[in-house]
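Novice: Next comes the structure file structure_14.tsv, holding TSV, C-alpha atoms and all ligand atoms.
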```tsv
chain	number	residue	atom	x	y	z
A	1	MET	CA	0.00	0.00	0.00
A	2	PHE	CA	1.27	3.44	-0.83
A	3	ILE	CA	2.20	5.18	2.39
A	4	THR	CA	1.29	8.80	2.87
A	5	ARG	CA	4.39	10.56	4.10
A	6	SER	CA	4.24	12.67	7.24
A	7	THR	CA	7.47	14.42	6.21
A	8	PRO	CA	6.99	15.29	2.56
A	9	ASN	CA	9.58	13.86	0.20
A	10	LYS	CA	10.49	16.10	-2.66
A	11	ALA	CA	9.56	15.04	-6.17
A	12	LEU	CA	10.23	16.53	-9.60
A	13	VAL	CA	7.98	15.72	-12.57
A	14	VAL	CA	9.41	16.40	-16.04
A	15	ASP	CA	7.10	16.12	-19.04
A	16	ASP	CA	6.53	18.40	-22.00
A	17	VAL	CA	2.86	17.34	-22.12
A	18	SER	CA	1.45	19.66	-19.52
A	19	SER	CA	-1.70	17.61	-18.90
A	20	ILE	CA	0.40	14.56	-17.95
A	21	ALA	CA	2.86	16.60	-15.87
A	22	HIS	CA	-0.08	18.17	-14.06
A	23	ALA	CA	-1.89	14.87	-13.42
A	24	VAL	CA	1.25	13.16	-12.10
A	25	SER	CA	2.02	16.18	-9.91
A	26	ILE	CA	-1.46	16.11	-8.35
A	27	PHE	CA	-1.18	12.35	-7.82
A	28	LEU	CA	2.12	12.71	-5.94
A	29	THR	CA	1.00	15.77	-3.98
A	30	ASN	CA	-2.02	13.81	-2.73
A	31	ARG	CA	0.37	11.18	-1.46
A	32	GLY	CA	2.44	13.54	0.61
A	33	PHE	CA	5.13	14.58	-1.84
A	34	GLN	CA	6.26	18.15	-2.21
A	35	VAL	CA	6.20	18.44	-5.99
A	36	ARG	CA	7.88	20.67	-8.56
A	37	THR	CA	7.08	20.43	-12.25
A	38	ALA	CA	9.26	21.11	-15.28
A	39	TYR	CA	7.85	21.20	-18.80
A	40	ASP	CA	11.13	20.78	-20.66
A	41	PRO	CA	14.52	19.15	-19.99
A	42	PHE	CA	16.43	22.43	-19.71
A	43	GLU	CA	14.04	23.74	-17.10
A	44	ALA	CA	14.53	20.47	-15.17
A	45	LEU	CA	18.33	20.85	-15.32
A	46	LYS	CA	18.09	24.44	-14.12
A	47	ILE	CA	15.93	23.41	-11.16
A	48	CYS	CA	18.26	20.53	-10.27
A	49	HIS	CA	21.27	22.83	-10.14
A	50	THR	CA	19.80	24.47	-7.07
A	51	GLU	CA	17.47	21.83	-5.58
A	52	SER	CA	17.69	18.15	-4.79
A	53	PHE	CA	14.86	15.64	-4.98
A	54	ASP	CA	14.05	12.24	-3.55
A	55	LEU	CA	12.08	11.19	-6.61
A	56	VAL	CA	12.28	12.33	-10.25
A	57	LEU	CA	9.73	11.20	-12.84
A	58	LEU	CA	10.80	12.03	-16.36
A	59	ASP	CA	9.38	11.58	-19.79
A	60	ILE	CA	11.57	9.95	-22.43
A	61	ARG	CA	10.43	11.77	-25.55
A	62	MET	CA	10.92	15.48	-25.12
A	63	PRO	CA	11.97	18.23	-27.54
A	64	GLY	CA	15.58	19.42	-27.38
A	65	MET	CA	16.88	16.53	-25.27
A	66	ASN	CA	15.54	13.06	-24.82
A	67	GLY	CA	14.84	11.60	-21.40
A	68	LEU	CA	17.86	9.29	-21.48
A	69	GLU	CA	20.27	12.19	-21.97
A	70	LEU	CA	18.43	14.16	-19.29
A	71	LEU	CA	18.67	11.18	-16.94
A	72	ARG	CA	22.46	11.04	-17.47
A	73	ARG	CA	22.82	14.74	-16.70
A	74	LEU	CA	20.50	14.68	-13.70
A	75	LYS	CA	22.30	11.69	-12.23
A	76	SER	CA	25.62	13.51	-12.57
A	77	LEU	CA	24.08	16.28	-10.45
A	78	ASP	CA	22.43	13.97	-7.93
A	79	ALA	CA	23.04	10.23	-7.98
A	80	SER	CA	21.05	9.63	-4.80
A	81	ALA	CA	17.56	10.43	-6.14
A	82	THR	CA	15.18	7.74	-7.37
A	83	TYR	CA	14.54	8.11	-11.12
A	84	VAL	CA	11.42	6.74	-12.78
A	85	MET	CA	11.06	6.98	-16.57
A	86	MET	CA	7.69	7.65	-18.18
A	87	THR	CA	7.63	6.26	-21.69
A	88	ALA	CA	4.91	6.27	-24.29
A	89	GLU	CA	6.86	3.93	-26.47
A	90	GLY	CA	6.58	0.70	-24.57
A	91	ASN	CA	9.91	0.10	-26.21
A	92	LEU	CA	11.87	-2.59	-24.44
A	93	GLN	CA	15.23	-1.30	-25.74
A	94	THR	CA	14.56	2.19	-24.42
A	95	ILE	CA	13.54	0.82	-21.04
A	96	ILE	CA	16.68	-1.35	-20.85
A	97	LYS	CA	18.83	1.66	-21.77
A	98	ALA	CA	17.15	3.75	-19.07
A	99	LEU	CA	17.70	1.06	-16.46
A	100	LYS	CA	21.35	0.76	-17.56
A	101	GLU	CA	21.73	4.51	-17.18
A	102	GLY	CA	20.60	4.17	-13.58
A	103	ALA	CA	16.83	4.65	-13.60
A	104	GLN	CA	15.24	2.67	-10.77
A	105	GLY	CA	11.90	2.16	-12.54
A	106	PHE	CA	9.62	2.96	-15.43
A	107	VAL	CA	5.96	3.29	-16.25
A	108	VAL	CA	4.45	2.94	-19.70
A	109	LYS	CA	1.99	5.56	-20.93
A	110	PRO	CA	-0.93	5.63	-20.82
A	111	PHE	CA	-0.87	4.52	-17.22
A	112	THR	CA	-3.46	4.23	-14.51
A	113	GLN	CA	-2.97	5.66	-11.03
A	114	LEU	CA	-2.43	2.13	-9.76
A	115	GLU	CA	0.31	1.47	-12.32
A	116	LEU	CA	2.00	4.76	-11.48
A	117	MET	CA	1.73	4.02	-7.77
A	118	ASN	CA	3.25	0.55	-8.19
A	119	SER	CA	6.14	1.85	-10.32
A	120	VAL	CA	6.99	4.62	-7.89
A	121	GLU	CA	6.79	2.35	-4.85
A	122	LEU	CA	8.94	-0.32	-6.48
A	123	ALA	CA	11.54	2.22	-7.53
A	124	LEU	CA	11.68	3.79	-4.05
A	125	GLU	CA	11.99	0.33	-2.49
A	126	LYS	CA	14.80	-0.52	-4.91
A	127	THR	CA	16.66	2.63	-3.86
A	128	ARG	CA	16.11	1.77	-0.19
A	129	LEU	CA	17.49	-1.74	-0.69
A	130	ILE	CA	20.53	-0.44	-2.60
A	131	ARG	CA	21.23	2.03	0.21
A	132	GLU	CA	20.77	-0.70	2.83
A	133	ASN	CA	23.15	-2.91	0.91
A	134	ILE	CA	25.73	-0.13	0.75
A	135	ARG	CA	25.25	0.50	4.46
A	136	ILE	CA	25.86	-3.15	5.30
A	137	LYS	CA	28.76	-3.66	2.93
A	138	VAL	CA	30.53	-0.34	3.33
A	139	TYR	CA	29.26	1.47	6.39
A	140	ALA	CA	29.15	-1.45	8.85
A	141	PRO	CA	32.84	-2.45	8.41
A	142	LEU	CA	33.82	1.22	8.60
A	143	LEU	CA	31.85	1.55	11.81
A	144	GLU	CA	33.58	-1.53	13.17
A	145	SER	CA	37.00	-0.05	12.36
A	146	ALA	CA	35.98	3.28	13.86
A	147	THR	CA	34.79	1.47	17.00
A	148	GLU	CA	38.09	-0.32	17.31
A	149	ALA	CA	40.04	2.90	16.72
A	150	LEU	CA	38.03	4.83	19.32
A	151	LEU	CA	38.38	2.12	21.95
A	152	SER	CA	42.10	1.83	21.24
A	153	ALA	CA	42.44	5.60	21.61
A	154	LEU	CA	40.71	5.32	24.98
A	155	GLU	CA	42.89	2.42	26.04
A	156	ALA	CA	45.97	4.46	25.15
A	157	LYS	CA	44.86	7.02	27.74
A	158	ASP	CA	43.44	4.69	30.34
A	159	TYR	CA	45.16	1.41	29.57
A	160	ASN	CA	42.74	-0.93	31.30
A	161	THR	CA	39.63	0.60	29.78
A	162	GLN	CA	39.18	-1.41	26.61
A	163	SER	CA	39.19	-4.76	28.37
A	164	HIS	CA	37.00	-3.24	31.09
A	165	SER	CA	34.57	-2.07	28.41
A	166	ASN	CA	34.46	-5.52	26.83
A	167	ARG	CA	33.61	-7.12	30.16
A	168	VAL	CA	30.98	-4.48	30.95
A	169	SER	CA	29.46	-5.13	27.55
A	170	TYR	CA	29.37	-8.88	28.26
A	171	TYR	CA	27.58	-8.39	31.61
A	172	ALA	CA	25.20	-5.79	30.14
A	173	GLN	CA	24.22	-8.04	27.24
A	174	GLY	CA	23.58	-10.89	29.67
A	175	ILE	CA	21.28	-8.74	31.81
A	176	SER	CA	19.48	-7.40	28.73
A	177	THR	CA	18.44	-10.87	27.63
A	178	ALA	CA	16.47	-11.22	30.90
A	179	PHE	CA	14.45	-8.13	29.93
A	180	GLU	CA	13.53	-9.76	26.61
A	181	MET	CA	14.46	-6.64	24.71
A	182	PRO	CA	14.01	-6.35	20.95
A	183	GLU	CA	17.10	-7.22	18.93
A	184	GLU	CA	17.75	-3.56	18.05
A	185	ASP	CA	17.81	-2.55	21.74
A	186	LEU	CA	20.15	-5.45	22.55
A	187	VAL	CA	22.62	-4.17	19.97
A	188	GLN	CA	22.40	-0.68	21.47
A	189	VAL	CA	23.12	-2.00	24.97
A	190	LYS	CA	26.10	-3.93	23.61
A	191	ILE	CA	27.57	-0.87	21.88
A	192	GLY	CA	26.56	1.56	24.65
A	193	ALA	CA	28.31	-0.57	27.26
A	194	LEU	CA	31.39	-0.81	25.05
A	195	PHE	CA	31.53	2.96	24.67
A	196	HIS	CA	30.26	4.01	28.08
A	197	ASP	CA	33.58	5.57	29.12
A	198	ILE	CA	34.66	6.89	25.72
A	199	GLY	CA	34.38	10.44	27.08
A	200	LYS	CA	37.50	9.77	29.15
A	201	ILE	CA	39.36	10.59	25.94
A	202	GLY	CA	38.63	14.18	26.91
A	203	VAL	CA	39.90	13.86	30.50
A	204	PRO	CA	43.57	14.77	31.21
A	205	ASP	CA	45.91	11.77	31.57
A	206	LEU	CA	47.25	13.00	34.90
A	207	ILE	CA	43.79	12.65	36.41
A	208	LEU	CA	42.85	9.38	34.71
A	209	GLN	CA	46.07	7.68	35.70
A	210	LYS	CA	46.48	9.25	39.14
A	211	PRO	CA	47.19	6.46	41.62
A	212	GLY	CA	46.02	8.30	44.75
A	213	PRO	CA	42.75	9.98	45.75
A	214	LEU	CA	41.39	12.71	43.51
A	215	THR	CA	40.90	16.33	44.58
A	216	PRO	CA	37.36	17.78	44.26
A	217	GLU	CA	38.48	19.65	41.13
A	218	GLU	CA	39.85	16.48	39.59
A	219	ARG	CA	36.61	14.66	40.39
A	220	GLN	CA	34.72	17.45	38.61
A	221	GLU	CA	36.93	16.95	35.56
A	222	ILE	CA	36.38	13.21	35.45
A	223	MET	CA	32.65	13.63	35.99
A	224	LYS	CA	32.47	15.40	32.62
A	225	HIS	CA	33.18	12.16	30.76
A	226	PRO	CA	29.52	11.07	30.20
A	227	GLU	CA	28.74	14.37	28.47
A	228	ILE	CA	31.98	14.32	26.47
A	229	GLY	CA	31.19	10.72	25.49
A	230	GLU	CA	27.69	11.66	24.38
A	231	LYS	CA	29.15	14.33	22.08
A	232	ILE	CA	31.67	11.91	20.56
A	233	ILE	CA	29.20	9.08	19.97
A	234	GLY	CA	26.28	11.34	19.08
A	235	ALA	CA	28.31	12.72	16.19
A	236	ILE	CA	28.28	9.30	14.49
A	237	GLU	CA	25.30	8.73	12.21
A	238	GLY	CA	22.92	6.11	13.62
A	239	MET	CA	24.45	6.16	17.11
A	240	GLU	CA	22.07	8.70	18.68
A	241	LYS	CA	20.44	6.15	21.02
A	242	VAL	CA	23.83	4.78	22.04
A	243	ALA	CA	24.88	8.34	22.90
A	244	ILE	CA	21.96	8.53	25.35
A	245	ILE	CA	23.25	5.41	27.16
A	246	VAL	CA	26.73	6.90	27.33
A	247	ARG	CA	25.39	10.13	28.82
A	248	ALA	CA	23.25	8.35	31.41
A	249	HIS	CA	25.58	5.62	32.67
A	250	HIS	CA	26.37	7.52	35.91
A	251	GLU	CA	22.78	8.38	36.76
A	252	ARG	CA	21.48	6.84	39.98
A	253	PHE	CA	18.06	5.30	40.56
A	254	ASP	CA	17.47	7.70	43.48
A	255	GLY	CA	18.30	10.77	41.37
A	256	ARG	CA	21.65	11.54	42.98
A	257	GLY	CA	23.70	10.65	39.91
A	258	TYR	CA	25.07	12.82	37.13
A	259	PRO	CA	25.02	14.62	34.72
A	260	ASP	CA	21.23	15.13	34.78
A	261	GLY	CA	20.12	13.74	38.15
A	262	LEU	CA	17.50	11.54	36.45
A	263	THR	CA	15.36	9.32	38.66
A	264	GLY	CA	14.08	5.73	38.35
A	265	GLU	CA	12.62	4.85	34.99
A	266	ASP	CA	13.42	8.28	33.58
A	267	ILE	CA	16.88	6.78	33.19
A	268	PRO	CA	16.84	4.70	30.00
A	269	LEU	CA	16.74	0.97	30.81
A	270	ALA	CA	19.87	0.36	28.71
A	271	ALA	CA	21.74	2.87	30.89
A	272	ARG	CA	20.41	1.33	34.15
A	273	ILE	CA	21.70	-2.03	32.92
A	274	THR	CA	25.06	-0.58	31.88
A	275	THR	CA	25.44	1.06	35.31
A	276	VAL	CA	25.06	-2.25	37.16
A	277	ALA	CA	27.39	-4.03	34.74
A	278	ASP	CA	29.94	-1.20	34.97
A	279	CYS	CA	29.90	-0.97	38.76
A	280	PHE	CA	30.16	-4.72	39.23
A	281	GLU	CA	33.08	-4.88	36.80
A	282	ALA	CA	34.76	-1.87	38.42
A	283	MET	CA	34.52	-3.45	41.85
A	284	VAL	CA	35.96	-6.84	40.91
A	285	SER	CA	38.76	-5.51	38.68
A	286	PRO	CA	42.02	-3.97	39.83
A	287	ARG	CA	42.19	-0.33	38.79
A	288	VAL	CA	44.66	2.48	39.06
A	289	TYR	CA	42.94	3.67	42.22
A	290	SER	CA	41.79	0.40	43.79
A	291	LYS	CA	42.47	-3.30	44.11
A	292	GLY	CA	39.86	-5.67	42.84
A	293	ARG	CA	37.24	-6.83	45.34
A	294	SER	CA	35.85	-10.33	45.55
A	295	VAL	CA	32.81	-11.30	43.49
A	296	GLU	CA	30.92	-11.94	46.72
A	297	TYR	CA	31.71	-8.44	47.99
A	298	ALA	CA	30.63	-6.86	44.69
A	299	LEU	CA	27.33	-8.78	44.60
A	300	ASN	CA	26.61	-7.74	48.18
A	301	GLU	CA	27.32	-4.12	47.26
A	302	LEU	CA	24.85	-4.35	44.37
A	303	LYS	CA	22.23	-5.70	46.81
A	304	ARG	CA	23.03	-3.04	49.40
A	305	CYS	CA	22.68	-0.24	46.84
A	306	SER	CA	19.64	-1.72	45.08
A	307	GLY	CA	16.90	0.90	44.96
A	308	THR	CA	19.26	3.77	45.73
A	309	GLN	CA	22.13	3.65	43.26
A	310	PHE	CA	20.78	0.80	41.14
A	311	ASP	CA	17.49	-0.27	39.58
A	312	PRO	CA	16.27	-3.13	41.85
A	313	GLN	CA	14.94	-5.11	38.90
A	314	VAL	CA	18.28	-4.94	37.09
A	315	VAL	CA	20.13	-6.02	40.24
A	316	GLU	CA	17.68	-8.88	40.80
A	317	PHE	CA	18.14	-10.16	37.25
A	318	PHE	CA	21.92	-9.84	37.47
A	319	LEU	CA	22.13	-11.75	40.76
A	320	SER	CA	19.85	-14.45	39.43
A	321	LEU	CA	21.81	-14.76	36.15
A	322	MET	CA	25.10	-15.01	38.09
A	323	ASP	CA	23.54	-17.57	40.40
A	324	SER	CA	22.28	-19.73	37.53
A	325	GLY	CA	25.57	-19.46	35.64
A	326	ASN	CA	23.97	-17.72	32.66
A	327	ILE	CA	26.39	-14.89	33.35
A	328	THR	CA	29.84	-15.87	34.56
A	329	TYR	CA	32.52	-13.80	36.25
A	330	GLN	CA	35.02	-12.46	33.71
A	331	GLU	CA	38.37	-12.25	35.39
A	332	ALA	CA	40.50	-9.22	34.58
A	333	VAL	CA	44.19	-9.68	33.85
A	334	PRO	CA	45.94	-8.14	36.90
A	335	LEU	CA	47.70	-4.88	36.22
A	336	SER	CA	51.44	-5.16	36.61
A	337	THR	CA	52.64	-1.60	37.12
A	338	PRO	CA	53.72	-0.94	40.72
A	339	GLU	CA	51.70	2.25	41.08
A	340	ASN	CA	48.55	0.22	40.66
A	341	GLU	CA	49.24	-1.74	43.79
A	342	CYS	CA	47.81	0.99	46.01
A	343	ALA	CA	44.60	0.07	47.74
A	344	ASN	CA	42.31	3.02	47.58
A	345	PRO	CA	38.78	1.77	47.17
A	346	VAL	CA	36.43	4.30	45.69
A	347	LEU	CA	32.73	3.74	45.25
A	348	PRO	CA	32.56	2.87	41.55
A	349	SER	CA	29.52	5.01	41.02
A	350	ALA	CA	31.72	8.05	41.41
A	351	LEU	CA	34.27	7.26	38.76
A	352	GLY	CA	33.73	3.95	36.98
B	401	FE	FE	32.04	6.08	33.46
```
Kindly present the structure from the file in structure tokens form.
Specialist:
Amino acid sequence: MFITRSTPNKALVVDDVSSIAHAVSIFLTNRGFQVRTAYDPFEALKICHTESFDLVLLDIRMPGMNGLELLRRLKSLDASATYVMMTAEGNLQTIIKALKEGAQGFVVKPFTQLELMNSVELALEKTRLIRENIRIKVYAPLLESATEALLSALEAKDYNTQSHSNRVSYYAQGISTAFEMPEEDLVQVKIGALFHDIGKIGVPDLILQKPGPLTPEERQEIMKHPEIGEKIIGAIEGMEKVAIIVRAHHERFDGRGYPDGLTGEDIPLAARITTVADCFEAMVSPRVYSKGRSVEYALNELKRCSGTQFDPQVVEFFLSLMDSGNITYQEAVPLSTPENECANPVLPSALG
């Protein structure tokens, strides 16, 4: 079924027969398109030098320049639009040529509204699939490389962070399965947990790697990392929801967290899950500022802070998953540098 668009897509109709151009324009306008009409190829080219369109319907037989030549020129101006040829010829060779030149569809005159609708929908779907294919083949590997590069950059500053992030992501994914989240949300939790501390890239090394207690000013600096992380991740196309997790991973269930002081379910579930995973991992792993605690100690801390720092439901699921062996303790490789031997336990909610 042809979907009426709430945000109008822009369409250009090019036909020297004004009655056809007009009828097609009205048809598309009624279906939510914002339509411009050109009555000759040169007018169409002029328009396309200053405007871009999602959909272009163009006649093949026009005076001065045929539709195939116009298609070539329009595609050189904007290869991302969906082009549908309108041909009176019913000529298979012409249609094949148009498709070879990059048209996504065609409709043979005289056409009914249903035929026009089907051609346009098929062409738009074809464009969507091509873009999806490009996204999977090109964008996804790039994103993977970018992820690796970002996490490596973070590890270079805070050398235990990447492995910490991997373990947090493991725990967070385990908890998420208990909430029976949709697949898309599971992926966001996985990535959000991996990137939760990416904002530490923007925190000075002297503070991140300081072995002793932090001054209030230094704590203020480090507490900026969720917002810095949100800016870094939010700048990547398609990562907007992940950026929200990154921003909210130091919020507390009782509203005493940062940066926004959100309370209870106002904190996105993915962030509440990441917080529990992060704090557990921070407690059991040796860090620059603390030795690792026992698993038993960390689980008791989660229980003790359930309902204040942590979402009780998330804690309950985590304890139960640990108990059943569906989530298992991921041991951190002990840090070897002497300065990390200092025992200076800090509540992970403050820094993690
Ligand atoms: Fe953090």
Novice: Using all atoms listed in the file, which residue out of A:Gln313, A:Pro259, A:Val295, A:Gly199 lies closest to ligand FE 401 (chain B)?
Specialist: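 Checking each candidate against ligand FE 401 (chain B), we get A:Gly199 as the closest.
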Novice: Taking into account all atoms listed in the file, which residue in the set A:Thr94, A:Ile198, A:Met62, A:Ile267 is nearest to Ala149 (chain A)?
Specialist: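 Looking at the shortest contact to Ala149 (chain A), the residue is A:Ile198.
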Novice: For a quick check of understanding, using all atoms listed in the file, which of A:Phe280, A:Tyr171, A:Phe310, A:Phe53 has the smallest distance to Arg36 (chain A)?
Specialist: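 Closest to Arg36 (chain A) of all the choices is A:Phe53.
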Novice: Return as a PyMOL selection string every polymer residue, whether protein, DNA or RNA, with at least one atom no more than 10 Å from an atom of ligand FE 401 (chain B); count only C-alpha atoms and all ligand atoms.
Specialist: chain A and resi 165+193+195-200+222-226+229+246-250+274-275+278-279+282+348-352
Novice: For a quick check of understanding, using all atoms listed in the file, which of A:Ser18, A:Thr82, A:Gln330, A:Thr147 has the smallest distance to Leu55 (chain A)?
Specialist: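 Of the candidates, the smallest distance to Leu55 (chain A) is held by A:Thr82.
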Novice: Of the candidates A:Gln309, A:Gln188, A:Thr263, A:Asn326, which shows the shortest atom-to-atom distance to Glu240 (chain A), using only C-alpha atoms?
Specialist: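 Closest residue, counting only C-alpha atoms: A:Gln188.
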Novice: As an exercise, work out the distance from CA of Ile244 (chain A) to CA of Glu301 (chain A) in Å and give it to one decimal place.
Specialist: 25.9 Å
